[in-house]
$ cat my_file-v4.txt   # compact mmCIF, C-alpha atoms and all ligand atoms
# COMPACT_ATOMS: atom_id res chain seq x y z
CA MET A 1 2.26 1.46 -20.82
CA SER A 2 5.93 0.95 -20.12
CA PHE A 3 7.97 1.50 -17.00
CA ASN A 4 11.27 0.74 -18.68
CA GLU A 5 13.98 2.74 -16.85
CA LYS A 6 11.38 4.27 -14.51
CA VAL A 7 12.21 4.27 -10.81
CA VAL A 8 9.54 2.79 -8.57
CA ILE A 9 9.54 2.61 -4.76
CA ILE A 10 7.22 0.00 -3.24
CA THR A 11 6.62 -0.26 0.51
CA GLY A 12 5.21 -3.42 2.00
CA ALA A 13 7.12 -5.11 -0.82
CA ALA A 14 7.32 -8.45 0.97
CA GLY A 15 3.55 -8.62 1.52
CA GLY A 16 0.76 -9.95 -0.67
CA ILE A 17 -0.06 -6.87 -2.77
CA GLY A 18 3.44 -5.37 -2.59
CA LYS A 19 5.22 -8.47 -3.86
CA GLU A 20 2.78 -8.76 -6.75
CA ALA A 21 3.49 -5.10 -7.57
CA VAL A 22 7.23 -5.74 -7.56
CA LYS A 23 6.70 -8.62 -9.99
CA THR A 24 4.54 -6.54 -12.34
CA PHE A 25 6.77 -3.44 -12.44
CA ALA A 26 9.93 -5.58 -12.74
CA ALA A 27 8.47 -7.42 -15.72
CA ASP A 28 8.06 -4.03 -17.36
CA GLY A 29 11.68 -2.96 -16.92
CA ALA A 30 11.34 -0.68 -13.89
CA LYS A 31 14.13 -0.07 -11.40
CA ILE A 32 12.65 -0.87 -8.04
CA THR A 33 13.33 -0.13 -4.40
CA LEU A 34 11.72 -2.79 -2.25
CA VAL A 35 10.94 -1.60 1.27
CA ASP A 36 9.69 -3.78 4.12
CA LEU A 37 10.49 -4.50 7.75
CA ASP A 38 12.70 -7.54 7.44
CA GLN A 39 15.82 -7.83 5.28
CA GLU A 40 15.58 -11.62 5.01
CA GLU A 41 12.02 -11.39 3.73
CA LEU A 42 13.09 -8.83 1.15
CA ASP A 43 15.95 -11.05 0.01
CA ARG A 44 13.55 -13.97 -0.24
CA VAL A 45 11.20 -11.93 -2.48
CA ALA A 46 14.07 -10.79 -4.72
CA THR A 47 15.26 -14.38 -5.12
CA GLU A 48 11.78 -15.79 -5.67
CA LEU A 49 11.01 -13.19 -8.34
CA ASP A 50 14.47 -13.61 -9.87
CA LEU A 51 15.01 -9.83 -9.97
CA LYS A 52 17.90 -8.62 -12.14
CA GLU A 53 20.83 -7.48 -10.02
CA ASP A 54 21.18 -3.93 -11.35
CA ARG A 55 17.42 -3.30 -11.45
CA TYR A 56 16.56 -3.34 -7.77
CA ILE A 57 17.65 -2.54 -4.26
CA THR A 58 16.15 -3.66 -0.98
CA VAL A 59 15.96 -1.43 2.07
CA ALA A 60 14.75 -2.81 5.38
CA ALA A 61 12.83 0.02 7.02
CA ASP A 62 10.01 0.66 9.42
CA VAL A 63 7.84 3.19 7.59
CA SER A 64 6.63 4.65 10.89
CA ASP A 65 10.16 5.85 11.64
CA GLU A 66 10.88 9.12 9.85
CA ALA A 67 14.66 8.63 9.73
CA GLN A 68 14.24 5.19 8.18
CA VAL A 69 11.89 6.61 5.55
CA GLU A 70 14.38 9.36 4.71
CA ASN A 71 17.00 6.62 4.43
CA TYR A 72 15.08 4.44 1.95
CA VAL A 73 14.49 7.52 -0.19
CA ASN A 74 18.18 8.47 -0.06
CA GLU A 75 19.24 4.90 -0.87
CA THR A 76 16.98 5.07 -3.92
CA LEU A 77 18.54 8.35 -5.04
CA ASP A 78 22.04 6.91 -4.59
CA ALA A 79 21.16 3.83 -6.63
CA PHE A 80 18.86 5.22 -9.33
CA GLY A 81 19.02 9.04 -9.16
CA THR A 82 15.31 9.84 -8.93
CA VAL A 83 11.81 8.54 -8.12
CA ASP A 84 9.06 8.32 -10.75
CA VAL A 85 6.46 6.15 -9.03
CA PHE A 86 5.78 5.67 -5.34
CA PHE A 87 3.50 2.81 -4.26
CA ASN A 88 2.91 3.82 -0.63
CA ASN A 89 1.45 0.52 0.43
CA ALA A 90 2.78 -0.85 3.73
CA GLY A 91 0.10 -1.30 6.36
CA ILE A 92 -1.02 -3.30 9.36
CA GLU A 93 -4.48 -4.42 10.40
CA GLY A 94 -4.25 -4.17 14.19
CA LYS A 95 -6.63 -6.45 16.05
CA VAL A 96 -10.36 -7.07 16.16
CA ILE A 97 -11.36 -5.60 19.55
CA PRO A 98 -14.19 -3.18 20.46
CA ILE A 99 -13.21 0.40 21.29
CA PRO A 100 -13.55 0.21 25.11
CA GLU A 101 -11.05 -2.66 25.21
CA TYR A 102 -8.85 -1.62 22.28
CA PRO A 103 -5.29 -1.23 23.64
CA SER A 104 -4.25 2.40 23.27
CA ASP A 105 -0.68 1.49 22.36
CA LEU A 106 -1.91 -0.75 19.55
CA PHE A 107 -4.22 2.04 18.34
CA SER A 108 -1.19 4.36 18.19
CA LYS A 109 0.89 1.74 16.41
CA VAL A 110 -1.70 1.22 13.66
CA LEU A 111 -1.91 4.96 13.11
CA ASP A 112 1.88 5.30 13.18
CA VAL A 113 2.36 2.72 10.42
CA ASN A 114 -0.72 3.37 8.29
CA VAL A 115 -0.92 7.15 8.57
CA LYS A 116 2.50 8.49 9.55
CA GLY A 117 4.15 5.91 7.27
CA VAL A 118 2.13 7.19 4.32
CA PHE A 119 2.78 10.82 5.31
CA TYR A 120 6.56 10.40 5.77
CA GLY A 121 6.89 8.68 2.41
CA MET A 122 5.18 11.54 0.59
CA LYS A 123 7.08 14.11 2.66
CA TYR A 124 10.42 12.87 1.34
CA ILE A 125 9.39 11.83 -2.17
CA MET A 126 7.28 14.79 -3.28
CA PRO A 127 10.28 17.19 -3.32
CA ILE A 128 12.14 14.79 -5.64
CA MET A 129 9.16 14.51 -7.97
CA LYS A 130 8.83 18.30 -7.86
CA GLU A 131 12.38 18.65 -9.19
CA HIS A 132 11.53 16.75 -12.35
CA LYS A 133 7.97 18.10 -12.54
CA GLY A 134 6.09 14.87 -12.41
CA GLY A 135 5.49 11.55 -10.79
CA SER A 136 2.75 9.29 -9.60
CA ILE A 137 1.98 8.35 -6.00
CA ILE A 138 -0.50 5.62 -5.17
CA ASN A 139 -1.51 5.27 -1.53
CA THR A 140 -3.12 2.02 -0.44
CA ALA A 141 -6.24 2.84 1.55
CA SER A 142 -9.12 0.33 1.75
CA VAL A 143 -12.90 0.13 1.73
CA ALA A 144 -12.14 0.53 5.45
CA GLY A 145 -11.44 4.15 4.53
CA LEU A 146 -14.99 4.63 3.27
CA GLY A 147 -17.13 3.36 6.13
CA GLY A 148 -17.01 1.80 9.57
CA THR A 149 -16.69 -1.81 10.67
CA ALA A 150 -17.25 -2.76 14.32
CA GLY A 151 -14.10 -4.05 16.00
CA VAL A 152 -11.39 -2.48 13.86
CA SER A 153 -11.44 1.15 14.96
CA ALA A 154 -7.73 1.81 14.51
CA TYR A 155 -7.61 0.31 11.02
CA ILE A 156 -10.78 2.14 9.95
CA ALA A 157 -9.55 5.46 11.35
CA SER A 158 -6.15 5.01 9.71
CA LYS A 159 -7.56 4.29 6.27
CA HIS A 160 -9.94 7.27 6.46
CA ALA A 161 -6.86 9.36 7.25
CA VAL A 162 -5.02 7.97 4.21
CA LEU A 163 -7.81 9.35 2.02
CA GLY A 164 -7.48 12.79 3.60
CA LEU A 165 -3.74 12.73 3.07
CA THR A 166 -4.21 11.61 -0.53
CA LYS A 167 -6.56 14.47 -1.37
CA THR A 168 -4.30 17.04 0.29
CA ALA A 169 -1.17 15.71 -1.40
CA ALA A 170 -2.97 15.73 -4.76
CA LEU A 171 -3.75 19.43 -4.35
CA GLU A 172 -0.22 20.26 -3.21
CA GLY A 173 1.38 18.19 -5.97
CA ALA A 174 -0.79 19.26 -8.89
CA PRO A 175 1.10 22.49 -9.74
CA ASP A 176 4.23 20.37 -10.22
CA GLY A 177 2.55 17.62 -12.22
CA ILE A 178 2.65 15.15 -9.31
CA ARG A 179 -0.40 12.92 -9.34
CA VAL A 180 -1.59 11.35 -6.09
CA ASN A 181 -4.36 8.75 -5.92
CA ALA A 182 -5.65 6.16 -3.48
CA VAL A 183 -6.85 2.62 -4.06
CA CYS A 184 -9.55 1.16 -1.80
CA PRO A 185 -9.62 -2.63 -2.05
CA SER A 186 -12.25 -4.77 -0.43
CA PRO A 187 -10.93 -8.02 1.11
CA VAL A 188 -7.98 -9.45 -0.79
CA ASN A 189 -7.06 -13.12 -0.72
CA ASN A 190 -3.85 -12.91 1.31
CA ARG A 191 -2.26 -12.97 4.79
CA MET A 192 -3.98 -9.85 6.09
CA MET A 193 -7.45 -11.29 5.51
CA ARG A 194 -6.44 -14.61 7.11
CA SER A 195 -5.50 -12.59 10.20
CA LEU A 196 -8.75 -10.59 10.17
CA GLU A 197 -10.89 -13.70 9.57
CA ALA A 198 -9.30 -15.30 12.65
CA GLY A 199 -9.86 -12.06 14.58
CA PHE A 200 -13.55 -11.79 13.67
CA SER A 201 -14.29 -15.48 14.15
CA PRO A 202 -11.61 -17.24 16.23
CA GLU A 203 -13.71 -20.43 16.41
CA ASN A 204 -14.37 -20.65 12.70
CA ALA A 205 -12.24 -18.44 10.47
CA GLU A 206 -13.57 -20.14 7.37
CA ALA A 207 -17.11 -19.02 8.23
CA ALA A 208 -15.83 -15.45 8.53
CA GLN A 209 -14.29 -15.78 5.08
CA GLN A 210 -17.58 -16.99 3.63
CA ASN A 211 -19.45 -14.11 5.27
CA PHE A 212 -17.00 -11.56 3.91
CA ALA A 213 -17.20 -13.04 0.42
CA ALA A 214 -21.00 -13.12 0.56
CA ALA A 215 -21.00 -9.35 1.22
CA ILE A 216 -19.24 -8.76 -2.10
CA PRO A 217 -21.56 -8.73 -5.13
CA LEU A 218 -19.01 -10.56 -7.28
CA GLY A 219 -19.05 -13.21 -4.56
CA ARG A 220 -15.33 -13.51 -3.84
CA TYR A 221 -12.23 -11.79 -2.56
CA ALA A 222 -9.92 -9.88 -4.89
CA GLU A 223 -6.60 -11.44 -5.85
CA ASN A 224 -3.41 -9.43 -5.28
CA GLN A 225 -2.88 -9.08 -9.02
CA GLU A 226 -6.27 -7.41 -9.51
CA ILE A 227 -5.27 -4.65 -7.09
CA VAL A 228 -1.89 -4.28 -8.77
CA ASP A 229 -3.54 -3.93 -12.20
CA LEU A 230 -5.28 -0.78 -10.93
CA VAL A 231 -2.11 0.52 -9.28
CA TYR A 232 -0.19 -0.07 -12.51
CA PHE A 233 -2.75 1.91 -14.48
CA LEU A 234 -2.73 4.80 -12.00
CA ALA A 235 1.08 4.84 -12.07
CA SER A 236 1.14 5.04 -15.85
CA GLU A 237 0.82 7.87 -18.36
CA LYS A 238 -2.56 6.42 -19.32
CA ALA A 239 -3.77 8.02 -16.08
CA SER A 240 -2.22 11.40 -16.90
CA PHE A 241 -5.36 13.41 -16.01
CA ILE A 242 -6.17 11.46 -12.86
CA THR A 243 -5.23 12.90 -9.49
CA GLY A 244 -6.92 13.14 -6.11
CA GLY A 245 -8.94 10.08 -7.06
CA ILE A 246 -10.28 7.53 -4.61
CA TYR A 247 -10.54 4.23 -6.47
CA THR A 248 -12.68 1.49 -4.97
CA ILE A 249 -11.75 -1.96 -6.24
CA ASP A 250 -14.29 -4.02 -4.39
CA GLY A 251 -16.31 -6.38 -6.57
CA GLY A 252 -19.29 -4.02 -6.24
CA MET A 253 -19.30 -3.87 -2.43
CA ARG A 254 -19.67 -0.10 -2.20
CA ALA A 255 -22.45 -0.06 -4.79
CA MET A 256 -24.82 -1.44 -2.16
N1 LIG B 301 -5.46 -7.73 2.33
C1 LIG B 301 -6.59 -7.02 2.26
O1 LIG B 301 -7.69 -7.55 2.29
C2 LIG B 301 -6.51 -5.52 2.10
C3 LIG B 301 -7.68 -4.83 1.76
C4 LIG B 301 -7.61 -3.43 1.63
C5 LIG B 301 -6.43 -2.78 1.82
N2 LIG B 301 -5.31 -3.50 2.15
C6 LIG B 301 -4.07 -2.76 2.35
O2 LIG B 301 -3.11 -3.21 1.41
C7 LIG B 301 -1.80 -2.89 1.88
C8 LIG B 301 -0.91 -4.10 1.67
O3 LIG B 301 -1.34 -5.15 2.51
P1 LIG B 301 -1.43 -6.66 2.03
O4 LIG B 301 -2.84 -6.94 1.75
O5 LIG B 301 -0.43 -6.93 0.97
O6 LIG B 301 -1.07 -7.40 3.41
P2 LIG B 301 0.31 -8.01 3.91
O7 LIG B 301 0.20 -8.09 5.38
O8 LIG B 301 0.60 -9.23 3.13
O9 LIG B 301 1.40 -6.92 3.49
C9 LIG B 301 1.71 -5.77 4.26
C10 LIG B 301 3.20 -5.59 4.24
O10 LIG B 301 3.53 -4.39 4.94
C11 LIG B 301 4.68 -4.64 5.72
N3 LIG B 301 4.74 -3.74 6.87
C12 LIG B 301 3.96 -3.74 7.96
N4 LIG B 301 4.35 -2.80 8.81
C13 LIG B 301 5.41 -2.18 8.25
C14 LIG B 301 6.26 -1.13 8.67
N5 LIG B 301 6.09 -0.52 9.84
N6 LIG B 301 7.26 -0.74 7.84
C15 LIG B 301 7.45 -1.37 6.66
N7 LIG B 301 6.67 -2.37 6.21
C16 LIG B 301 5.66 -2.77 7.00
C17 LIG B 301 4.51 -6.08 6.20
O11 LIG B 301 5.71 -6.64 6.65
C18 LIG B 301 3.93 -6.74 4.97
O12 LIG B 301 4.92 -7.30 4.16
C19 LIG B 301 -1.97 -2.48 3.34
O13 LIG B 301 -1.90 -1.07 3.43
C20 LIG B 301 -3.37 -2.95 3.68
O14 LIG B 301 -3.95 -2.21 4.73
C21 LIG B 301 -5.32 -4.84 2.27

$ encode --input "my_file-v4.txt" --output "structure tokens" --more "lines below"
Ligand SMILES: NC(=O)c1ccc[n+]([C@@H]2O[C@H](COP(=O)([O-])OP(=O)(O)OC[C@H]3O[C@@H](n4cnc5c(N)ncnc54)[C@H](O)[C@@H]3O)[C@@H](O)[C@H]2O)c1
Amino acid sequence: MSFNEKVVIITGAAGGIGKEAVKTFAADGAKITLVDLDQEELDRVATELDLKEDRYITVAADVSDEAQVENYVNETLDAFGTVDVFFNNAGIEGKVIPIPEYPSDLFSKVLDVNVKGVFYGMKYIMPIMKEHKGGSIINTASVAGLGGTAGVSAYIASKHAVLGLTKTAALEGAPDGIRVNAVCPSPVNNRMMRSLEAGFSPENAEAAQQNFAAAIPLGRYAENQEIVDLVYFLASEKASFITGGIYTIDGGMRAM
């Protein structure tokens, strides 16, 4: 598996899973476009990972804004000429609030980022992949796309929608050799879970963490790298017959 000279776009590149993905693909020689909200955060990631100057660009963009998505794709074409792999990963968790009290504007925001962001990315990248008859798209869904959890309606709804988009894109992309898959992690040991733990149990976030971990047969959260290992495989030629797949990576959680 080598991504030498391959062009990879990663959204949410300054976050837990995204940054780990940048590190992994960079180590394998890929040319990478790092996309996230804040330019300073992107610069910090590039410095921390010691990325080689001609092997990456950063584009600050809000993935819920169609023009900004079109722009990060165009910046990638200007810099590297094509797109081979798209890790469509940026997302937000919203808040832990029951449906009757859930603020409607926050509900819209979560759907805008998690659903429209994923849609816009594929809308602008699939035509490029079509031109060279191939490419791999990995959308980050969640186990929250496979069942409900009280209190996080917007997040749950958004991740179910990501799976629908993934299946549709896989069918549309297949005639042109474009593979589209989704990964569904259970809780991952990073910022997003710290936020959700505090949301579920403001008095005792650590207890929430223990409860979440206890619900996972392997007895712990995933690490960012474990999610990226699956993404890396799905992006690679080793996954050449895999499309439309929904990949749980959950320490056995969904086996129960
Ligand atoms: N952490 C978990 O437990 C977990 C579990 C399952 C799925 N996921 C999913 O994994 C993906 C990555 O999240 P993470 O775990 O690395 O959390 P994270 O919060 O560390 O990273 C998310 C990144 O997305 C960026 N982002 C948010 N809104 C954006 C926008 N509008 N435009 C551009 N970038 C934006 C954030 O700035 C952040 O860097 C998300 O889609 C998340 O829903 C996370």

$ residues_around --input "my_file-v4.txt" --residues "Leu34 of chain A" --least-positions-apart "4" --cutoff "6 Å" --atoms "all atoms listed in the file" --output "PyMOL selection string"
chain A and resi 10+13+58

$ residues_near_ligand --input "my_file-v4.txt" --ligand "ligand LIG 301 (chain B)" --cutoff "6 Å" --atoms "only C-alpha atoms and all ligand atoms" --output "ChimeraX atom specification"
/A:12-18,36-37,61-64,89-92,113,140-142,185-188,190-193

$ residues_around --input "my_file-v4.txt" --residues "segment 148-156 of chain A" --least-positions-apart "6" --cutoff "12 Å" --atoms "all atoms listed in the file" --output "MDAnalysis selection string"
chainID A and resid 91:115 141:142 162:163 184 192 196 199:201 212

$ atom_distance --input "my_file-v4.txt" --atom1 "atom CA of Gln39 of chain A" --atom2 "atom CA of Phe80 of chain A"
19.8 Å

$ atom_distance --input "my_file-v4.txt" --atom1 "atom CA of Ser2 of chain A" --atom2 "atom CA of Asp176 of chain A"
21.9 Å

$ residues_around --input "my_file-v4.txt" --residues "Asn189 of chain A" --least-positions-apart "6" --cutoff "7 Å" --atoms "all atoms listed in the file" --output "number ranges by chain"
A: 221-224

$ write_last_selection --input "my_file-v4.txt" --atoms "C-alpha atoms" --output "mmCIF file, in the coordinates of the input"
data_model
loop_
_atom_site.group_PDB
_atom_site.id
_atom_site.type_symbol
_atom_site.label_atom_id
_atom_site.label_comp_id
_atom_site.auth_asym_id
_atom_site.auth_seq_id
_atom_site.Cartn_x
_atom_site.Cartn_y
_atom_site.Cartn_z
ATOM 1 C CA TYR A 221 -12.230 -11.790 -2.560
ATOM 2 C CA ALA A 222 -9.920 -9.880 -4.890
ATOM 3 C CA GLU A 223 -6.600 -11.440 -5.850
ATOM 4 C CA ASN A 224 -3.410 -9.430 -5.280
#

$ closest_residue --input "my_file-v4.txt" --among "A:Ala161, A:Gly173, A:Val143, A:Pro202" --to "Ile249 of chain A" --atoms "only C-alpha atoms"
A:Val143

$ closest_residue --input "my_file-v4.txt" --among "A:Met122, A:Ala170, A:Ala198, A:Val7" --to "Val85 of chain A" --atoms "only C-alpha atoms"
A:Val7

$ atom_distance --input "my_file-v4.txt" --atom1 "atom CA of Val183 of chain A" --atom2 "atom CA of Gln225 of chain A"
13.3 Å

$ closest_residue --input "my_file-v4.txt" --among "A:Ile242, A:Gln210, A:Glu226, A:Gly117" --to "Leu171 of chain A" --atoms "only C-alpha atoms"
A:Ile242

$ residues_near_point --input "my_file-v4.txt" --point "(5.3, -7.5, -9.8)" --cutoff "12 Å" --atoms "only C-alpha atoms" --output "PyMOL selection string"
chain A and resi 3+8+10+13-32+34+45-46+48-51+87+224-229+231-232

$ closest_residue --input "my_file-v4.txt" --among "A:Thr243, A:Asn204, A:Ser195, A:Asn139" --to "Pro175 of chain A" --atoms "all atoms listed in the file"
A:Thr243

$ axis_aligned_box --input "my_file-v4.txt" --around "segment 2-18 of chain A" --padding-each-side "3 Å" --output "JSON"
{"center_x": 7.0, "center_y": -2.8, "center_z": -9.1, "size_x": 20.0, "size_y": 20.2, "size_z": 28.1}

$ closest_residue --input "my_file-v4.txt" --among "A:Asn74, A:Ser236, A:Thr33, A:Asn88" --to "Glu53 of chain A" --atoms "only C-alpha atoms"
A:Thr33

$ decode --input "my_file-v4.txt" --residues "segment 39-57 of chain A" --atoms "N, CA and C atoms" --output "short mmCIF file (atom, residue, chain, number, x, y, z; two decimals), in the first residue's frame"
data_model
loop_
_atom_site.label_atom_id
_atom_site.label_comp_id
_atom_site.auth_asym_id
_atom_site.auth_seq_id
_atom_site.Cartn_x
_atom_site.Cartn_y
_atom_site.Cartn_z
N GLN A 39 -7.21 28.79 10.15
CA GLN A 39 -5.90 28.75 9.49
C GLN A 39 -4.76 28.52 10.49
N GLU A 40 -4.85 29.17 11.65
CA GLU A 40 -3.77 29.01 12.63
C GLU A 40 -3.66 27.57 13.12
N GLU A 41 -4.81 26.94 13.30
CA GLU A 41 -4.80 25.53 13.72
C GLU A 41 -4.17 24.65 12.64
N LEU A 42 -4.50 24.95 11.40
CA LEU A 42 -3.92 24.17 10.29
C LEU A 42 -2.41 24.36 10.24
N ASP A 43 -1.96 25.60 10.42
CA ASP A 43 -0.52 25.87 10.42
C ASP A 43 0.17 25.11 11.56
N ARG A 44 -0.52 25.10 12.70
CA ARG A 44 0.05 24.42 13.87
C ARG A 44 0.22 22.92 13.57
N VAL A 45 -0.78 22.33 12.92
CA VAL A 45 -0.71 20.89 12.59
C VAL A 45 0.44 20.64 11.61
N ALA A 46 0.55 21.49 10.60
CA ALA A 46 1.61 21.31 9.59
C ALA A 46 2.99 21.40 10.25
N THR A 47 3.14 22.34 11.17
CA THR A 47 4.43 22.49 11.87
C THR A 47 4.69 21.29 12.76
N GLU A 48 3.68 20.94 13.54
CA GLU A 48 3.84 19.82 14.49
C GLU A 48 4.21 18.52 13.76
N LEU A 49 3.59 18.31 12.60
CA LEU A 49 3.85 17.06 11.87
C LEU A 49 5.05 17.19 10.94
N ASP A 50 5.64 18.39 10.91
CA ASP A 50 6.83 18.63 10.10
C ASP A 50 6.59 18.23 8.63
N LEU A 51 5.47 18.71 8.08
CA LEU A 51 5.12 18.34 6.70
C LEU A 51 6.08 19.00 5.72
N LYS A 52 6.41 18.28 4.66
CA LYS A 52 7.36 18.81 3.66
C LYS A 52 6.67 19.87 2.80
N GLU A 53 7.37 20.98 2.58
CA GLU A 53 6.76 22.17 2.01
C GLU A 53 6.00 21.94 0.70
N ASP A 54 6.56 21.14 -0.20
CA ASP A 54 5.90 20.97 -1.50
C ASP A 54 4.90 19.81 -1.50
N ARG A 55 4.63 19.24 -0.33
CA ARG A 55 3.76 18.06 -0.27
C ARG A 55 2.41 18.34 0.36
N TYR A 56 2.16 19.60 0.70
CA TYR A 56 0.86 19.88 1.32
C TYR A 56 0.43 21.31 1.08
N ILE A 57 -0.88 21.52 1.14
CA ILE A 57 -1.41 22.88 1.26
C ILE A 57 -2.45 22.87 2.38
#
